[in-house]
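S.K.: I have a structure I would like to understand better, so I am pasting it below and will then ask my questions one at a time.
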Amino acid sequence: MTQSLADMRRDYTRDGLSEDQAPAEPFALFHQWFADALKTEQPPVEANAMTLATVDSDGRPHCRILLLKGLDEQGFTFFTNYDSAKGQQMAARPFAAMTFFWPTLERQVRIEGRVVKVTPQESDAYYQVRPLGSRLGAWASPQSRVIADRAELQELLKVTEARFSDSQPNCPEHWGGYRLLPERIEFWQGRSSRLHDRLNYRLQAERWGRERLAP
Ligand SMILES: Cc1cc2nc3c(=O)[nH]c(=O)nc-3n(C[C@H](O)[C@H](O)[C@H](O)COP(=O)(O)O)c2cc1C
């Protein structure tokens, strides 16, 4: 029997998030929560999967799942096709938001800020550690374009394989990373009766401030 959507709910009782356990700056807390997610979330949940939202030049939002592939003191890095729909949106409007959801931990993290392309060297370094199939796929697939059928994609892959039959594929110019430079990072811990904890870090004049938001 299909469960009624109106009756689908969980009460969140696993944990809390208080000001005194949260560090003064958000990266340390993200690292801590990410380590918890790697330990706790079971496949098929990928701890580094997140929803990336971008806006197009008409101000319309678009979102899709991507994998986080890097995190340093500057920001959060992911890789994609620069000519894809999202690539064109970020070229027109260089801002993005990402949301992580770790259901076992009853946690959500929301990150917002400006996006910049990483250097070609950084894209190449990541490209080279990808499996051969993914490296060829980056050349073969005109991501986000309309194609006739699956056979067209297979054909594009065949052409790419022939092109690189005697050499290793290099990182295409149309493929690489973006880094989201966060201006806001919100940590959400589910609590009972929808009275959740929300700690919101905001970057102002190069310093992180923190505030609690109502759930
Ligand atoms: C679990 C998962 C991980 C994904 N990871 C990536 C990724 O790292 N990079 C990427 O370009 N697309 C990734 N995708 C595919 C995107 O969701 C999306 O279909 C693709 O990037 C095209 O988006 P666009 O047309 O809005 O540009 C992933 C999809 C799923 C479900």
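Chain labels A, B, ... are given in the sequence in which chains occur in the structure tokens; within each chain residues are numbered consecutively from 1, and ligands are likewise numbered from 1 in the order shown.
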Can you pull out every residue with an atom within 10 Å of ligand 1? Use only C-alpha atoms and all ligand atoms and format it as a VMD selection string.
M.R.: chain A and resid 44 to 54 62 to 69 77 to 90 138 142 to 145 175 to 177
S.K.: Would you kindly return, as a ChimeraX atom specification, each protein, DNA or RNA residue with an atom no farther than 9 Å from any atom of Asn200 (chain A), considering only C-alpha atoms and excluding same-chain residues fewer than 3 positions away?
M.R.: /A:26,184-188,209-213
S.K.: Write a file of the selected residues as an mmCIF file, in the first residue's frame, keeping C-alpha atoms.
M.R.:
data_model
loop_
_atom_site.group_PDB
_atom_site.id
_atom_site.type_symbol
_atom_site.label_atom_id
_atom_site.label_comp_id
_atom_site.auth_asym_id
_atom_site.auth_seq_id
_atom_site.Cartn_x
_atom_site.Cartn_y
_atom_site.Cartn_z
ATOM 1 C CA PRO A 26 32.750 26.986 9.786
ATOM 2 C CA ARG A 184 27.410 31.794 4.208
ATOM 3 C CA ILE A 185 27.494 28.266 5.655
ATOM 4 C CA GLU A 186 24.539 27.035 7.640
ATOM 5 C CA PHE A 187 24.610 23.879 9.758
ATOM 6 C CA TRP A 188 21.207 22.331 10.468
ATOM 7 C CA GLY A 209 30.396 35.674 12.393
ATOM 8 C CA ARG A 210 27.796 33.268 13.691
ATOM 9 C CA GLU A 211 24.123 33.523 14.529
ATOM 10 C CA ARG A 212 21.316 31.149 15.404
ATOM 11 C CA LEU A 213 18.323 30.994 13.058
#
S.K.: Using only C-alpha atoms, find the one residue out of A:Val109, A:Ala24, A:Leu136, A:Leu157 that sits nearest to Arg207 (chain A).
M.R.: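 Residue with the minimum atom-to-atom distance to Arg207 (chain A): A:Ala24.
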S.K.: So which one's closest to Asp15 (chain A), A:Gln204, A:Thr104, A:Gln168, A:Ser141? Using only C-alpha atoms, please.
M.R.: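 So, comparing all the options, the nearest one is A:Thr104.
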S.K.: Could you tell me how far CA of Val115 (chain A) lies from CA of Met98 (chain A), in Å and to one decimal?
M.R.: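 It comes out at 11.1 Å.
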S.K.: Which one of A:Leu153, A:Ala140, A:Leu105, A:Ile111 sits closest to Phe27 (chain A) if you count only C-alpha atoms?
M.R.: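 Using only C-alpha atoms, Phe27 (chain A) sits closest to A:Ile111.
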S.K.: Run DSSP on the backbone of this structure and report the residues of region 79-156 of chain A it assigns to helix (DSSP H, G or I), as a ChimeraX atom specification.
M.R.: /A:85-92,120-129,132-140,150-156
S.K.: Generate a file of the selected residues that holds C-alpha atoms, formatted as a short mmCIF file (atom, residue, chain, number, x, y, z; two decimals), in the first residue's frame.
M.R.:
data_model
loop_
_atom_site.label_atom_id
_atom_site.label_comp_id
_atom_site.auth_asym_id
_atom_site.auth_seq_id
_atom_site.Cartn_x
_atom_site.Cartn_y
_atom_site.Cartn_z
CA ALA A 85 23.85 24.24 -18.81
CA LYS A 86 25.27 24.87 -15.34
CA GLY A 87 28.55 26.11 -16.88
CA GLN A 88 26.68 28.64 -18.98
CA GLN A 89 24.59 29.69 -15.99
CA MET A 90 27.69 30.27 -13.85
CA ALA A 91 29.34 32.20 -16.70
CA ALA A 92 26.33 34.54 -16.75
CA PRO A 120 43.75 24.58 -15.63
CA GLN A 121 46.58 22.89 -13.67
CA GLU A 122 44.18 22.00 -10.87
CA SER A 123 41.58 20.65 -13.33
CA ASP A 124 44.25 18.63 -15.11
CA ALA A 125 45.57 17.18 -11.83
CA TYR A 126 42.09 15.90 -10.95
CA TYR A 127 41.31 14.81 -14.53
CA GLN A 128 44.42 12.62 -14.57
CA VAL A 129 43.38 10.63 -11.49
CA LEU A 132 40.04 6.12 -18.24
CA GLY A 133 36.31 5.73 -19.00
CA SER A 134 35.51 9.01 -17.20
CA ARG A 135 38.39 10.80 -18.91
CA LEU A 136 37.13 9.66 -22.33
CA GLY A 137 33.56 10.52 -21.34
CA ALA A 138 34.56 14.12 -20.65
CA TRP A 139 35.65 14.38 -24.30
CA ALA A 140 32.80 12.34 -25.75
CA ARG A 150 21.95 6.37 -26.95
CA ALA A 151 23.56 5.24 -30.21
CA GLU A 152 24.76 8.79 -30.87
CA LEU A 153 26.56 8.80 -27.51
CA GLN A 154 28.13 5.39 -28.25
CA GLU A 155 29.29 6.74 -31.61
CA LEU A 156 30.80 9.85 -29.98
#
S.K.: Can you tell me, as a PyMOL selection string, which residues in region 1-92 of chain A count as strand (DSSP E) by DSSP?
M.R.: chain A and resi 49-55+61-67+70-71+76-81
S.K.: Take the residues that were just selected and, keeping N, CA, C and O atoms, output them as a short mmCIF file (atom, residue, chain, number, x, y, z; two decimals), in the first residue's frame.
M.R.:
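Saved to out.cif:
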data_model
loop_
_atom_site.label_atom_id
_atom_site.label_comp_id
_atom_site.auth_asym_id
_atom_site.auth_seq_id
_atom_site.Cartn_x
_atom_site.Cartn_y
_atom_site.Cartn_z
N ALA A 49 27.98 13.76 -2.05
CA ALA A 49 26.98 14.21 -3.02
C ALA A 49 26.23 15.41 -2.45
O ALA A 49 25.89 15.45 -1.27
N MET A 50 26.01 16.39 -3.30
CA MET A 50 25.30 17.60 -2.85
C MET A 50 24.43 18.12 -3.99
O MET A 50 24.64 17.77 -5.16
N THR A 51 23.48 18.94 -3.65
CA THR A 51 22.67 19.60 -4.67
C THR A 51 23.32 20.95 -4.97
O THR A 51 23.59 21.73 -4.04
N LEU A 52 23.58 21.20 -6.24
CA LEU A 52 24.17 22.48 -6.64
C LEU A 52 23.11 23.30 -7.34
O LEU A 52 22.52 22.85 -8.33
N ALA A 53 22.86 24.50 -6.84
CA ALA A 53 21.89 25.39 -7.47
C ALA A 53 22.62 26.54 -8.15
O ALA A 53 23.58 27.10 -7.60
N THR A 54 22.14 26.86 -9.36
CA THR A 54 22.67 28.00 -10.10
C THR A 54 21.47 28.77 -10.65
O THR A 54 20.35 28.25 -10.63
N VAL A 55 21.71 29.97 -11.14
CA VAL A 55 20.61 30.71 -11.78
C VAL A 55 21.02 31.10 -13.19
O VAL A 55 22.19 31.36 -13.45
N PRO A 61 16.05 29.60 -11.28
CA PRO A 61 16.97 28.66 -10.62
C PRO A 61 16.98 27.28 -11.28
O PRO A 61 15.98 26.87 -11.88
N HIS A 62 18.11 26.61 -11.16
CA HIS A 62 18.26 25.24 -11.66
C HIS A 62 19.09 24.49 -10.63
O HIS A 62 20.07 25.03 -10.13
N CYS A 63 18.73 23.24 -10.32
CA CYS A 63 19.59 22.50 -9.41
C CYS A 63 19.73 21.05 -9.85
O CYS A 63 18.89 20.53 -10.59
N ARG A 64 20.84 20.46 -9.43
CA ARG A 64 21.16 19.08 -9.78
C ARG A 64 22.19 18.58 -8.77
O ARG A 64 22.85 19.37 -8.09
N ILE A 65 22.33 17.22 -8.72
CA ILE A 65 23.30 16.63 -7.79
C ILE A 65 24.69 16.61 -8.44
O ILE A 65 24.83 16.30 -9.62
N LEU A 66 25.70 16.95 -7.64
CA LEU A 66 27.11 16.84 -8.07
C LEU A 66 27.91 16.24 -6.92
O LEU A 66 27.40 16.18 -5.79
N LEU A 67 29.15 15.86 -7.20
CA LEU A 67 30.01 15.35 -6.14
C LEU A 67 31.04 16.41 -5.76
O LEU A 67 31.67 17.01 -6.64
N GLY A 70 36.78 18.56 -3.67
CA GLY A 70 37.89 19.20 -2.97
C GLY A 70 37.37 20.21 -1.98
O GLY A 70 36.29 20.79 -2.16
N LEU A 71 38.15 20.38 -0.91
CA LEU A 71 37.81 21.39 0.09
C LEU A 71 39.11 21.91 0.67
O LEU A 71 39.94 21.12 1.15
N PHE A 76 34.95 25.21 -1.80
CA PHE A 76 34.42 23.88 -2.08
C PHE A 76 34.49 23.64 -3.60
O PHE A 76 33.90 24.40 -4.36
N THR A 77 35.18 22.57 -4.01
CA THR A 77 35.47 22.37 -5.43
C THR A 77 34.69 21.20 -6.02
O THR A 77 34.57 20.15 -5.39
N PHE A 78 34.17 21.41 -7.23
CA PHE A 78 33.50 20.34 -7.97
C PHE A 78 33.92 20.46 -9.44
O PHE A 78 34.43 21.49 -9.87
N PHE A 79 33.69 19.38 -10.20
CA PHE A 79 34.15 19.34 -11.58
C PHE A 79 33.00 19.04 -12.52
O PHE A 79 32.10 18.25 -12.18
N THR A 80 33.05 19.66 -13.69
CA THR A 80 31.97 19.48 -14.64
C THR A 80 32.40 19.94 -16.02
O THR A 80 33.55 20.32 -16.24
N ASN A 81 31.42 19.97 -16.93
CA ASN A 81 31.66 20.44 -18.29
C ASN A 81 31.37 21.95 -18.31
O ASN A 81 30.26 22.38 -17.96
#
S.K.: Skipping near chain neighbours, those fewer than 3 positions away, what residues fall within 8 Å of Pro215 (chain A) using only C-alpha atoms, listed as a VMD selection string?
M.R.: chain A and resid 194 to 198
S.K.: Would you save the residues of that selection, restricted to all heavy atoms, as a PDB file, in the first residue's frame?
M.R.:
ATOM      1  N   ARG A 194      10.266  19.349  15.252  1.00  0.00           N
ATOM      2  CA  ARG A 194      10.609  20.389  14.268  1.00  0.00           C
ATOM      3  C   ARG A 194      11.274  21.623  14.893  1.00  0.00           C
ATOM      4  O   ARG A 194      11.351  22.680  14.257  1.00  0.00           O
ATOM      5  CB  ARG A 194       9.367  20.833  13.458  1.00  0.00           C
ATOM      6  CG  ARG A 194       8.693  19.680  12.702  1.00  0.00           C
ATOM      7  CD  ARG A 194       9.665  19.077  11.678  1.00  0.00           C
ATOM      8  NE  ARG A 194       9.048  18.075  10.828  1.00  0.00           N
ATOM      9  CZ  ARG A 194       9.316  16.760  10.874  1.00  0.00           C
ATOM     10  NH1 ARG A 194      10.169  16.267  11.781  1.00  0.00           N
ATOM     11  NH2 ARG A 194       8.757  15.934  10.025  1.00  0.00           N
ATOM     12  N   LEU A 195      11.768  21.476  16.141  1.00  0.00           N
ATOM     13  CA  LEU A 195      12.470  22.607  16.784  1.00  0.00           C
ATOM     14  C   LEU A 195      13.975  22.418  16.558  1.00  0.00           C
ATOM     15  O   LEU A 195      14.760  22.189  17.480  1.00  0.00           O
ATOM     16  CB  LEU A 195      12.108  22.682  18.272  1.00  0.00           C
ATOM     17  CG  LEU A 195      10.622  23.002  18.513  1.00  0.00           C
ATOM     18  CD1 LEU A 195      10.282  22.959  20.001  1.00  0.00           C
ATOM     19  CD2 LEU A 195      10.271  24.383  17.944  1.00  0.00           C
ATOM     20  N   HIS A 196      14.356  22.491  15.304  1.00  0.00           N
ATOM     21  CA  HIS A 196      15.721  22.144  14.899  1.00  0.00           C
ATOM     22  C   HIS A 196      16.728  23.196  15.336  1.00  0.00           C
ATOM     23  O   HIS A 196      16.372  24.329  15.648  1.00  0.00           O
ATOM     24  CB  HIS A 196      15.773  22.003  13.376  1.00  0.00           C
ATOM     25  CG  HIS A 196      14.641  21.214  12.815  1.00  0.00           C
ATOM     26  ND1 HIS A 196      14.411  19.911  13.180  1.00  0.00           N
ATOM     27  CD2 HIS A 196      13.651  21.554  11.938  1.00  0.00           C
ATOM     28  CE1 HIS A 196      13.337  19.468  12.534  1.00  0.00           C
ATOM     29  NE2 HIS A 196      12.852  20.451  11.784  1.00  0.00           N
ATOM     30  N   ASP A 197      18.024  22.784  15.323  1.00  0.00           N
ATOM     31  CA  ASP A 197      19.119  23.736  15.569  1.00  0.00           C
ATOM     32  C   ASP A 197      19.662  24.221  14.236  1.00  0.00           C
ATOM     33  O   ASP A 197      19.947  23.407  13.338  1.00  0.00           O
ATOM     34  CB  ASP A 197      20.252  23.045  16.339  1.00  0.00           C
ATOM     35  CG  ASP A 197      19.880  22.766  17.786  1.00  0.00           C
ATOM     36  OD1 ASP A 197      19.153  23.594  18.379  1.00  0.00           O
ATOM     37  OD2 ASP A 197      20.309  21.720  18.317  1.00  0.00           O
ATOM     38  N   ARG A 198      19.837  25.520  14.102  1.00  0.00           N
ATOM     39  CA  ARG A 198      20.412  26.096  12.878  1.00  0.00           C
ATOM     40  C   ARG A 198      21.485  27.109  13.276  1.00  0.00           C
ATOM     41  O   ARG A 198      21.159  28.152  13.858  1.00  0.00           O
ATOM     42  CB  ARG A 198      19.339  26.826  12.056  1.00  0.00           C
ATOM     43  CG  ARG A 198      18.210  25.936  11.602  1.00  0.00           C
ATOM     44  CD  ARG A 198      17.174  26.757  10.818  1.00  0.00           C
ATOM     45  NE  ARG A 198      17.722  27.274   9.560  1.00  0.00           N
ATOM     46  CZ  ARG A 198      17.077  28.138   8.779  1.00  0.00           C
ATOM     47  NH1 ARG A 198      15.879  28.601   9.130  1.00  0.00           N
ATOM     48  NH2 ARG A 198      17.615  28.552   7.660  1.00  0.00           N
TER      49      ARG A 198
END
S.K.: Go through A:Gly59, A:Leu199, A:Ala205, A:Ser193 one by one, measure the shortest atom-to-atom distance of each to Leu29 (chain A) using only C-alpha atoms, and give the residue with the smallest value.
M.R.: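 Closest to Leu29 (chain A) of all the choices is A:Leu199.
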S.K.: Between A:Gln108, A:Gln3, A:Thr160, A:Gln21, which residue has the minimum interatomic distance to Ala37 (chain A), considering only C-alpha atoms?
M.R.: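 Answer, going by the shortest atom-to-atom distance: A:Gln108.
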S.K.: Identify which of the residues A:Asp166, A:Asp56, A:Asp72, A:Glu106 lies closest to Gly16 (chain A), counting only C-alpha atoms when measuring atom-to-atom distances.
M.R.: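 Smallest distance to Gly16 (chain A) is found for A:Glu106.
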